[in-house]
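Pasted below: data_22.cif, mmCIF, N, CA and C atoms.
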```cif
data_target
loop_
_atom_site.label_atom_id
_atom_site.label_comp_id
_atom_site.auth_asym_id
_atom_site.auth_seq_id
_atom_site.Cartn_x
_atom_site.Cartn_y
_atom_site.Cartn_z
N MET A 1 -71.95 -66.34 -76.50
CA MET A 1 -71.36 -65.14 -77.07
C MET A 1 -69.99 -64.92 -76.43
N PRO A 2 -68.99 -64.70 -77.26
CA PRO A 2 -67.63 -64.51 -76.73
C PRO A 2 -67.55 -63.24 -75.87
N ASN A 3 -66.50 -63.19 -75.11
CA ASN A 3 -66.23 -62.04 -74.26
C ASN A 3 -66.16 -60.77 -75.11
N ALA A 4 -66.68 -59.67 -74.59
CA ALA A 4 -66.71 -58.41 -75.33
C ALA A 4 -65.30 -57.91 -75.64
N ALA A 5 -64.38 -58.07 -74.71
CA ALA A 5 -63.00 -57.63 -74.94
C ALA A 5 -62.37 -58.41 -76.09
N VAL A 6 -62.62 -59.71 -76.15
CA VAL A 6 -62.09 -60.53 -77.23
C VAL A 6 -62.69 -60.08 -78.57
N MET A 7 -63.99 -59.81 -78.56
CA MET A 7 -64.64 -59.36 -79.80
C MET A 7 -64.08 -58.01 -80.26
N LEU A 8 -63.82 -57.10 -79.34
CA LEU A 8 -63.28 -55.80 -79.71
C LEU A 8 -61.86 -55.93 -80.26
N ILE A 9 -61.05 -56.77 -79.64
CA ILE A 9 -59.68 -56.96 -80.12
C ILE A 9 -59.68 -57.61 -81.50
N THR A 10 -60.48 -58.66 -81.68
CA THR A 10 -60.51 -59.32 -82.99
C THR A 10 -61.13 -58.40 -84.06
N ALA A 11 -62.08 -57.56 -83.67
CA ALA A 11 -62.64 -56.60 -84.63
C ALA A 11 -61.58 -55.60 -85.08
N ALA A 12 -60.79 -55.12 -84.13
CA ALA A 12 -59.73 -54.17 -84.48
C ALA A 12 -58.69 -54.83 -85.38
N LEU A 13 -58.32 -56.06 -85.06
CA LEU A 13 -57.32 -56.76 -85.88
C LEU A 13 -57.86 -57.08 -87.27
N SER A 14 -59.14 -57.49 -87.35
CA SER A 14 -59.70 -57.78 -88.67
C SER A 14 -59.84 -56.51 -89.50
N THR A 15 -60.20 -55.41 -88.85
CA THR A 15 -60.28 -54.14 -89.57
C THR A 15 -58.92 -53.72 -90.08
N LEU A 16 -57.91 -53.87 -89.25
CA LEU A 16 -56.54 -53.54 -89.67
C LEU A 16 -56.12 -54.41 -90.85
N GLY A 17 -56.41 -55.72 -90.77
CA GLY A 17 -56.05 -56.62 -91.86
C GLY A 17 -56.75 -56.28 -93.16
N PHE A 18 -58.03 -56.01 -93.10
CA PHE A 18 -58.75 -55.65 -94.31
C PHE A 18 -58.32 -54.28 -94.84
N SER A 19 -57.96 -53.38 -93.96
CA SER A 19 -57.46 -52.08 -94.40
C SER A 19 -56.16 -52.24 -95.18
N ILE A 20 -55.30 -53.11 -94.69
CA ILE A 20 -54.05 -53.38 -95.41
C ILE A 20 -54.36 -54.06 -96.74
N LEU A 21 -55.27 -55.02 -96.72
CA LEU A 21 -55.65 -55.74 -97.93
C LEU A 21 -56.23 -54.81 -98.99
N PHE A 22 -56.99 -53.81 -98.56
CA PHE A 22 -57.62 -52.86 -99.49
C PHE A 22 -56.73 -51.66 -99.76
N TYR A 23 -55.47 -51.73 -99.43
CA TYR A 23 -54.48 -50.70 -99.72
C TYR A 23 -54.82 -49.34 -99.13
N VAL A 24 -55.33 -49.34 -97.90
CA VAL A 24 -55.50 -48.07 -97.20
C VAL A 24 -54.11 -47.56 -96.88
N HIS A 25 -53.89 -46.28 -97.14
CA HIS A 25 -52.57 -45.69 -96.92
C HIS A 25 -52.16 -45.87 -95.46
N PRO A 26 -50.88 -46.18 -95.22
CA PRO A 26 -50.42 -46.41 -93.85
C PRO A 26 -50.74 -45.28 -92.87
N ARG A 27 -50.78 -44.04 -93.36
CA ARG A 27 -51.13 -42.93 -92.47
C ARG A 27 -52.58 -43.00 -92.00
N ARG A 28 -53.41 -43.72 -92.73
CA ARG A 28 -54.84 -43.78 -92.42
C ARG A 28 -55.25 -45.10 -91.73
N LEU A 29 -54.30 -45.99 -91.51
CA LEU A 29 -54.62 -47.29 -90.91
C LEU A 29 -55.18 -47.16 -89.50
N LEU A 30 -54.62 -46.28 -88.71
CA LEU A 30 -55.10 -46.12 -87.34
C LEU A 30 -56.54 -45.61 -87.31
N VAL A 31 -56.85 -44.65 -88.17
CA VAL A 31 -58.21 -44.10 -88.23
C VAL A 31 -59.20 -45.18 -88.68
N ALA A 32 -58.82 -45.96 -89.67
CA ALA A 32 -59.69 -47.05 -90.14
C ALA A 32 -59.89 -48.12 -89.07
N THR A 33 -58.81 -48.47 -88.38
CA THR A 33 -58.89 -49.49 -87.33
C THR A 33 -59.76 -49.01 -86.18
N LEU A 34 -59.63 -47.77 -85.80
CA LEU A 34 -60.47 -47.22 -84.74
C LEU A 34 -61.94 -47.22 -85.15
N GLY A 35 -62.20 -47.04 -86.44
CA GLY A 35 -63.57 -47.10 -86.93
C GLY A 35 -64.19 -48.48 -86.75
N GLY A 36 -63.43 -49.52 -87.06
CA GLY A 36 -63.92 -50.88 -86.86
C GLY A 36 -64.14 -51.19 -85.40
N LEU A 37 -63.26 -50.69 -84.56
CA LEU A 37 -63.41 -50.86 -83.11
C LEU A 37 -64.65 -50.14 -82.61
N LEU A 38 -64.87 -48.92 -83.07
CA LEU A 38 -66.05 -48.15 -82.67
C LEU A 38 -67.34 -48.80 -83.16
N THR A 39 -67.32 -49.30 -84.38
CA THR A 39 -68.48 -49.98 -84.94
C THR A 39 -68.86 -51.20 -84.09
N THR A 40 -67.86 -51.99 -83.74
CA THR A 40 -68.11 -53.19 -82.94
C THR A 40 -68.58 -52.83 -81.54
N ALA A 41 -68.00 -51.79 -80.96
CA ALA A 41 -68.42 -51.36 -79.63
C ALA A 41 -69.88 -50.92 -79.65
N ALA A 42 -70.28 -50.18 -80.68
CA ALA A 42 -71.68 -49.74 -80.79
C ALA A 42 -72.60 -50.95 -80.98
N TYR A 43 -72.18 -51.92 -81.79
CA TYR A 43 -72.97 -53.13 -81.99
C TYR A 43 -73.14 -53.90 -80.68
N LEU A 44 -72.06 -54.07 -79.93
CA LEU A 44 -72.12 -54.80 -78.67
C LEU A 44 -73.00 -54.07 -77.65
N LEU A 45 -72.86 -52.76 -77.58
CA LEU A 45 -73.67 -51.98 -76.65
C LEU A 45 -75.15 -52.05 -77.02
N ALA A 46 -75.45 -51.90 -78.30
CA ALA A 46 -76.85 -52.01 -78.75
C ALA A 46 -77.38 -53.41 -78.53
N GLY A 47 -76.56 -54.43 -78.77
CA GLY A 47 -76.98 -55.81 -78.57
C GLY A 47 -77.26 -56.14 -77.11
N HIS A 48 -76.62 -55.40 -76.21
CA HIS A 48 -76.86 -55.60 -74.78
C HIS A 48 -78.26 -55.14 -74.38
N PHE A 49 -78.75 -54.10 -75.06
CA PHE A 49 -80.05 -53.52 -74.71
C PHE A 49 -81.18 -53.94 -75.63
N LEU A 50 -80.87 -54.38 -76.83
CA LEU A 50 -81.89 -54.71 -77.83
C LEU A 50 -81.83 -56.19 -78.20
N ASP A 51 -82.98 -56.77 -78.48
CA ASP A 51 -83.04 -58.16 -78.93
C ASP A 51 -82.95 -58.21 -80.45
N GLY A 52 -82.61 -59.38 -80.96
CA GLY A 52 -82.59 -59.59 -82.41
C GLY A 52 -81.26 -59.20 -83.01
N GLU A 53 -81.23 -59.23 -84.33
CA GLU A 53 -80.01 -58.91 -85.07
C GLU A 53 -80.12 -57.62 -85.86
N LEU A 54 -81.32 -57.25 -86.25
CA LEU A 54 -81.50 -56.09 -87.13
C LEU A 54 -81.05 -54.79 -86.48
N LEU A 55 -81.62 -54.44 -85.35
CA LEU A 55 -81.33 -53.15 -84.72
C LEU A 55 -79.90 -53.01 -84.22
N PRO A 56 -79.31 -54.01 -83.55
CA PRO A 56 -77.91 -53.84 -83.16
C PRO A 56 -76.97 -53.64 -84.35
N ASN A 57 -77.21 -54.36 -85.43
CA ASN A 57 -76.38 -54.19 -86.63
C ASN A 57 -76.64 -52.85 -87.29
N LEU A 58 -77.88 -52.40 -87.29
CA LEU A 58 -78.21 -51.10 -87.86
C LEU A 58 -77.50 -50.00 -87.07
N ILE A 59 -77.55 -50.08 -85.75
CA ILE A 59 -76.90 -49.06 -84.92
C ILE A 59 -75.39 -49.12 -85.08
N GLY A 60 -74.81 -50.31 -85.10
CA GLY A 60 -73.37 -50.44 -85.30
C GLY A 60 -72.94 -49.87 -86.65
N ALA A 61 -73.68 -50.20 -87.70
CA ALA A 61 -73.34 -49.69 -89.03
C ALA A 61 -73.56 -48.18 -89.11
N LEU A 62 -74.59 -47.69 -88.45
CA LEU A 62 -74.85 -46.24 -88.43
C LEU A 62 -73.70 -45.49 -87.76
N VAL A 63 -73.23 -46.00 -86.65
CA VAL A 63 -72.10 -45.37 -85.95
C VAL A 63 -70.84 -45.44 -86.81
N GLY A 64 -70.57 -46.62 -87.38
CA GLY A 64 -69.38 -46.77 -88.23
C GLY A 64 -69.43 -45.92 -89.48
N ALA A 65 -70.58 -45.86 -90.11
CA ALA A 65 -70.72 -45.06 -91.32
C ALA A 65 -70.66 -43.57 -91.01
N GLY A 66 -71.25 -43.19 -89.88
CA GLY A 66 -71.16 -41.78 -89.47
C GLY A 66 -69.71 -41.38 -89.18
N TYR A 67 -69.00 -42.25 -88.49
CA TYR A 67 -67.58 -42.03 -88.23
C TYR A 67 -66.81 -41.91 -89.55
N SER A 68 -67.13 -42.77 -90.50
CA SER A 68 -66.47 -42.74 -91.81
C SER A 68 -66.72 -41.43 -92.53
N GLU A 69 -67.97 -40.97 -92.50
CA GLU A 69 -68.32 -39.70 -93.14
C GLU A 69 -67.51 -38.55 -92.53
N ILE A 70 -67.45 -38.51 -91.22
CA ILE A 70 -66.74 -37.42 -90.54
C ILE A 70 -65.24 -37.49 -90.79
N MET A 71 -64.66 -38.68 -90.61
CA MET A 71 -63.21 -38.81 -90.77
C MET A 71 -62.77 -38.62 -92.21
N ALA A 72 -63.63 -38.98 -93.15
CA ALA A 72 -63.28 -38.75 -94.56
C ALA A 72 -63.17 -37.26 -94.85
N ARG A 73 -64.05 -36.48 -94.26
CA ARG A 73 -63.99 -35.03 -94.46
C ARG A 73 -62.78 -34.43 -93.76
N VAL A 74 -62.50 -34.90 -92.56
CA VAL A 74 -61.38 -34.37 -91.79
C VAL A 74 -60.06 -34.68 -92.47
N THR A 75 -59.90 -35.91 -92.96
CA THR A 75 -58.63 -36.32 -93.57
C THR A 75 -58.61 -36.13 -95.08
N LYS A 76 -59.71 -35.63 -95.65
CA LYS A 76 -59.80 -35.30 -97.08
C LYS A 76 -59.54 -36.51 -97.99
N VAL A 77 -60.25 -37.60 -97.70
CA VAL A 77 -60.21 -38.79 -98.55
C VAL A 77 -61.65 -39.20 -98.86
N PRO A 78 -61.87 -40.04 -99.87
CA PRO A 78 -63.23 -40.51 -100.14
C PRO A 78 -63.78 -41.35 -98.98
N VAL A 79 -65.07 -41.28 -98.79
CA VAL A 79 -65.73 -41.98 -97.69
C VAL A 79 -65.47 -43.49 -97.71
N PRO A 80 -65.49 -44.18 -98.86
CA PRO A 80 -65.27 -45.64 -98.83
C PRO A 80 -63.93 -46.08 -98.27
N VAL A 81 -62.95 -45.18 -98.22
CA VAL A 81 -61.65 -45.54 -97.64
C VAL A 81 -61.83 -45.98 -96.20
N TYR A 82 -62.76 -45.35 -95.49
CA TYR A 82 -63.03 -45.73 -94.11
C TYR A 82 -64.29 -46.58 -93.96
N MET A 83 -65.25 -46.41 -94.86
CA MET A 83 -66.53 -47.12 -94.74
C MET A 83 -66.35 -48.63 -94.85
N VAL A 84 -65.61 -49.08 -95.83
CA VAL A 84 -65.44 -50.53 -96.03
C VAL A 84 -64.77 -51.19 -94.82
N PRO A 85 -63.64 -50.67 -94.35
CA PRO A 85 -63.05 -51.30 -93.16
C PRO A 85 -63.93 -51.21 -91.92
N CYS A 86 -64.69 -50.13 -91.78
CA CYS A 86 -65.52 -49.97 -90.58
C CYS A 86 -66.60 -51.03 -90.47
N VAL A 87 -67.21 -51.42 -91.58
CA VAL A 87 -68.31 -52.37 -91.50
C VAL A 87 -67.86 -53.83 -91.61
N ILE A 88 -66.60 -54.05 -91.89
CA ILE A 88 -66.09 -55.42 -92.02
C ILE A 88 -66.39 -56.28 -90.79
N PRO A 89 -66.23 -55.77 -89.56
CA PRO A 89 -66.52 -56.64 -88.41
C PRO A 89 -67.98 -57.07 -88.31
N LEU A 90 -68.88 -56.37 -88.96
CA LEU A 90 -70.30 -56.72 -88.89
C LEU A 90 -70.73 -57.73 -89.95
N VAL A 91 -69.93 -57.92 -90.98
CA VAL A 91 -70.32 -58.78 -92.11
C VAL A 91 -70.58 -60.20 -91.62
N PRO A 92 -71.74 -60.77 -91.98
CA PRO A 92 -72.14 -62.08 -91.45
C PRO A 92 -71.55 -63.26 -92.23
N GLY A 93 -70.24 -63.37 -92.24
CA GLY A 93 -69.60 -64.47 -92.97
C GLY A 93 -69.99 -65.84 -92.44
N GLY A 94 -70.04 -65.97 -91.13
CA GLY A 94 -70.42 -67.24 -90.53
C GLY A 94 -71.86 -67.61 -90.85
N GLY A 95 -72.73 -66.63 -90.85
CA GLY A 95 -74.14 -66.88 -91.19
C GLY A 95 -74.32 -67.30 -92.64
N LEU A 96 -73.55 -66.68 -93.53
CA LEU A 96 -73.61 -67.07 -94.94
C LEU A 96 -73.13 -68.50 -95.12
N TYR A 97 -72.03 -68.84 -94.44
CA TYR A 97 -71.51 -70.20 -94.51
C TYR A 97 -72.53 -71.20 -93.97
N GLU A 98 -73.09 -70.90 -92.82
CA GLU A 98 -74.07 -71.80 -92.21
C GLU A 98 -75.30 -71.99 -93.11
N THR A 99 -75.75 -70.91 -93.72
CA THR A 99 -76.90 -70.99 -94.63
C THR A 99 -76.60 -71.91 -95.80
N MET A 100 -75.47 -71.69 -96.44
CA MET A 100 -75.14 -72.49 -97.62
C MET A 100 -74.84 -73.94 -97.25
N PHE A 101 -74.16 -74.16 -96.13
CA PHE A 101 -73.87 -75.53 -95.71
C PHE A 101 -75.16 -76.29 -95.43
N SER A 102 -76.09 -75.66 -94.72
CA SER A 102 -77.37 -76.32 -94.43
C SER A 102 -78.14 -76.60 -95.70
N PHE A 103 -78.09 -75.67 -96.63
CA PHE A 103 -78.80 -75.86 -97.90
C PHE A 103 -78.20 -77.00 -98.70
N VAL A 104 -76.88 -77.05 -98.80
CA VAL A 104 -76.20 -78.09 -99.58
C VAL A 104 -76.40 -79.47 -98.97
N THR A 105 -76.43 -79.54 -97.64
CA THR A 105 -76.60 -80.84 -96.99
C THR A 105 -78.06 -81.26 -96.89
N GLY A 106 -78.95 -80.44 -97.40
CA GLY A 106 -80.37 -80.81 -97.44
C GLY A 106 -81.16 -80.46 -96.20
N ASN A 107 -80.59 -79.76 -95.27
CA ASN A 107 -81.29 -79.34 -94.07
C ASN A 107 -81.93 -77.97 -94.35
N TYR A 108 -83.06 -78.00 -95.03
CA TYR A 108 -83.68 -76.77 -95.51
C TYR A 108 -84.27 -75.91 -94.39
N ALA A 109 -84.72 -76.52 -93.31
CA ALA A 109 -85.24 -75.74 -92.19
C ALA A 109 -84.13 -74.93 -91.53
N ALA A 110 -82.98 -75.55 -91.32
CA ALA A 110 -81.83 -74.84 -90.75
C ALA A 110 -81.32 -73.78 -91.72
N ALA A 111 -81.37 -74.07 -93.01
CA ALA A 111 -80.94 -73.09 -94.02
C ALA A 111 -81.85 -71.87 -93.99
N ALA A 112 -83.15 -72.10 -93.86
CA ALA A 112 -84.09 -70.97 -93.81
C ALA A 112 -83.87 -70.13 -92.56
N THR A 113 -83.65 -70.79 -91.43
CA THR A 113 -83.42 -70.06 -90.18
C THR A 113 -82.14 -69.24 -90.25
N ALA A 114 -81.06 -69.86 -90.68
CA ALA A 114 -79.78 -69.15 -90.79
C ALA A 114 -79.86 -68.07 -91.86
N GLY A 115 -80.57 -68.34 -92.93
CA GLY A 115 -80.73 -67.35 -94.00
C GLY A 115 -81.49 -66.12 -93.54
N MET A 116 -82.53 -66.31 -92.74
CA MET A 116 -83.29 -65.17 -92.23
C MET A 116 -82.44 -64.34 -91.26
N ARG A 117 -81.67 -65.02 -90.44
CA ARG A 117 -80.80 -64.30 -89.51
C ARG A 117 -79.75 -63.50 -90.28
N THR A 118 -79.16 -64.11 -91.29
CA THR A 118 -78.16 -63.45 -92.11
C THR A 118 -78.77 -62.27 -92.87
N LEU A 119 -79.98 -62.44 -93.36
CA LEU A 119 -80.67 -61.36 -94.05
C LEU A 119 -80.94 -60.18 -93.12
N GLN A 120 -81.32 -60.46 -91.89
CA GLN A 120 -81.54 -59.38 -90.92
C GLN A 120 -80.25 -58.61 -90.67
N ILE A 121 -79.16 -59.32 -90.54
CA ILE A 121 -77.87 -58.67 -90.32
C ILE A 121 -77.52 -57.79 -91.52
N ALA A 122 -77.68 -58.34 -92.72
CA ALA A 122 -77.36 -57.59 -93.93
C ALA A 122 -78.24 -56.35 -94.08
N LEU A 123 -79.52 -56.50 -93.78
CA LEU A 123 -80.43 -55.35 -93.86
C LEU A 123 -80.07 -54.30 -92.81
N GLY A 124 -79.67 -54.73 -91.63
CA GLY A 124 -79.24 -53.78 -90.60
C GLY A 124 -78.02 -53.00 -91.03
N ILE A 125 -77.04 -53.69 -91.60
CA ILE A 125 -75.83 -53.02 -92.08
C ILE A 125 -76.16 -52.03 -93.19
N ALA A 126 -76.94 -52.48 -94.16
CA ALA A 126 -77.31 -51.61 -95.28
C ALA A 126 -78.12 -50.41 -94.79
N GLY A 127 -79.05 -50.65 -93.89
CA GLY A 127 -79.86 -49.55 -93.36
C GLY A 127 -79.03 -48.53 -92.63
N GLY A 128 -78.08 -48.97 -91.82
CA GLY A 128 -77.22 -48.04 -91.10
C GLY A 128 -76.37 -47.21 -92.03
N ILE A 129 -75.84 -47.83 -93.08
CA ILE A 129 -75.02 -47.10 -94.05
C ILE A 129 -75.87 -46.07 -94.79
N VAL A 130 -77.07 -46.46 -95.20
CA VAL A 130 -77.94 -45.54 -95.94
C VAL A 130 -78.32 -44.35 -95.06
N ILE A 131 -78.71 -44.61 -93.82
CA ILE A 131 -79.10 -43.51 -92.93
C ILE A 131 -77.94 -42.55 -92.71
N ALA A 132 -76.74 -43.08 -92.44
CA ALA A 132 -75.58 -42.22 -92.22
C ALA A 132 -75.22 -41.43 -93.48
N SER A 133 -75.34 -42.07 -94.64
CA SER A 133 -75.02 -41.37 -95.89
C SER A 133 -76.01 -40.24 -96.16
N VAL A 134 -77.27 -40.49 -95.92
CA VAL A 134 -78.29 -39.45 -96.13
C VAL A 134 -78.06 -38.31 -95.14
N LEU A 135 -77.81 -38.63 -93.88
CA LEU A 135 -77.53 -37.58 -92.90
C LEU A 135 -76.27 -36.81 -93.28
N GLY A 136 -75.28 -37.51 -93.82
CA GLY A 136 -74.07 -36.84 -94.28
C GLY A 136 -74.33 -35.87 -95.41
N ILE A 137 -75.21 -36.25 -96.33
CA ILE A 137 -75.56 -35.36 -97.43
C ILE A 137 -76.33 -34.14 -96.93
N ILE A 138 -77.22 -34.37 -95.97
CA ILE A 138 -78.02 -33.27 -95.44
C ILE A 138 -77.17 -32.29 -94.64
N PHE A 139 -76.30 -32.79 -93.77
CA PHE A 139 -75.56 -31.92 -92.86
C PHE A 139 -74.17 -31.53 -93.34
N ARG A 140 -73.68 -32.12 -94.40
CA ARG A 140 -72.33 -31.83 -94.89
C ARG A 140 -72.15 -30.35 -95.21
N PRO A 141 -73.08 -29.71 -95.93
CA PRO A 141 -72.86 -28.29 -96.25
C PRO A 141 -72.78 -27.42 -94.99
N ARG A 142 -73.51 -27.78 -93.96
CA ARG A 142 -73.52 -26.96 -92.74
C ARG A 142 -72.26 -27.19 -91.90
N LEU A 143 -71.83 -28.42 -91.83
CA LEU A 143 -70.71 -28.74 -90.95
C LEU A 143 -69.35 -28.41 -91.54
N PHE A 144 -69.22 -28.59 -92.85
CA PHE A 144 -67.91 -28.45 -93.47
C PHE A 144 -67.85 -27.33 -94.49
N ALA A 145 -68.78 -26.40 -94.40
CA ALA A 145 -68.75 -25.26 -95.34
C ALA A 145 -67.62 -24.32 -94.94
N LYS A 146 -66.97 -23.80 -95.95
CA LYS A 146 -65.92 -22.82 -95.70
C LYS A 146 -66.57 -21.48 -95.41
N LYS A 147 -66.05 -20.84 -94.40
CA LYS A 147 -66.61 -19.55 -94.02
C LYS A 147 -66.22 -18.49 -95.03
N LYS A 148 -67.21 -17.71 -95.46
CA LYS A 148 -66.96 -16.62 -96.40
C LYS A 148 -66.59 -15.36 -95.63
N ARG A 149 -65.63 -14.66 -96.16
CA ARG A 149 -65.20 -13.42 -95.48
C ARG A 149 -65.55 -12.23 -96.30
#
```
Structure rendered as structure tokens:
Amino acid sequence: MPNAAVMLITAALSTLGFSILFYVHPRRLLVATLGGLLTTAAYLLAGHFLDGELLPNLIGALVGAGYSEIMARVTKVPVPVYMVPCVIPLVPGGGLYETMFSFVTGNYAAAATAGMRTLQIALGIAGGIVIASVLGIIFRPRLFAKKKR
């Protein structure tokens, strides 16, 4: 496993790159980049204490999606503006490649192993996003309601 500092730096740079690619407004680039950094930090911290791929990715995605929900309300933009860049560092591109390469070359045992690992990562990401979105729906009226006078 690479050094945590290297992973955090590359996560921030990849989040910045994808934010630019997805036309995030320049005023919002810093907030989106910090979200990717926070997501990766939560993933690394959870991975230090938990085994497997499902729970660390779920916790990382939950933190990133929660951050996206909050920052979207604060900056008055739609949630996906921050959600997509925040979860980009967690996307299992290498696992997908490894799965397909093993399958195409006929190494079906390695394809199954890599596929299960990739599926766990994907389920963790999806689960974290769903939990944060549901919590956002439940608590949004209480946290961001305008006070009546």
Counting only N, CA and C atoms, figure out which residue out of A:Thr40, A:Thr99, A:Ser19, A:Thr105 gets nearest to Val84 of chain A.
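That would be A:Ser19, the residue with the smallest distance to Val84 of chain A.
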So which residues get picked by the PyMOL selection byres ((chain A and resi 15) around 8) here, written as a PyMOL selection string?
chain A and resi 9-14+16-21+29+32-37+84-89
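Evaluated on this file, the PyMOL selection byres ((chain A and resi 106-123) around 6.5) matches Glu53, Leu54, Asn57, Leu58, Pro92, Gly95, Leu96, Glu98, Thr99, Met100, Phe101, Ser102, Phe103, Val104, Thr105, Gly124, Ile125, Ala126, Gly127 and Gly128 of chain A.
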Among listed residues A:Leu55, A:Met7, A:Met83, A:Gly64, nearest Leu38 of chain A (using all atoms listed in the file):
A:Gly64
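Note that atom CA of Leu8 of chain A and atom CA of Leu62 of chain A are 17.4 Å apart.
Going from atom N of Ala42 of chain A to atom N of Val91 of chain A covers 12.9 Å.
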As an MDAnalysis selection string, which residues of segment 15-77 of chain A does DSSP assign to helix (DSSP H, G or I)?
chainID A and resid 15:21 26:49 54:75
One decimal, in Å: what's the spacing between atom C of Gly66 of chain A and atom C of Ala132 of chain A?
7.0 Å
Looking at only C-alpha atoms, which of A:Leu90, A:Val24, A:Leu30, A:Leu44 is the one that sits closest to Ala61 of chain A?
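Among the listed residues, the smallest separation from Ala61 of chain A belongs to A:Leu90.
Distances to Glu69 of chain A were evaluated for A:Ser133, A:Ala4, A:Arg28, A:Tyr23 using all atoms listed in the file, and the minimum falls at A:Ser133.
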Using only C-alpha atoms, tabulate the residues of segment 30-105 of chain A lying at most 12 Å from any atom of segment 134-139 of chain A, each with its closest atom pair and that distance in Å to one decimal, by chain and increasing residue number, as CSV.
```
residue,atom,partner,partner_atom,distance
A:Leu62,CA,A:Leu135,CA,10.1
A:Val63,CA,A:Leu135,CA,11.8
A:Ala65,CA,A:Gly136,CA,9.4
A:Gly66,CA,A:Gly136,CA,7.5
A:Tyr67,CA,A:Gly136,CA,10.3
A:Ser68,CA,A:Gly136,CA,9.9
A:Glu69,CA,A:Gly136,CA,6.5
A:Ile70,CA,A:Gly136,CA,8.2
A:Met71,CA,A:Gly136,CA,11.6
A:Ala72,CA,A:Gly136,CA,11.0
A:Arg73,CA,A:Gly136,CA,10.2
A:Val79,CA,A:Gly136,CA,10.4
```
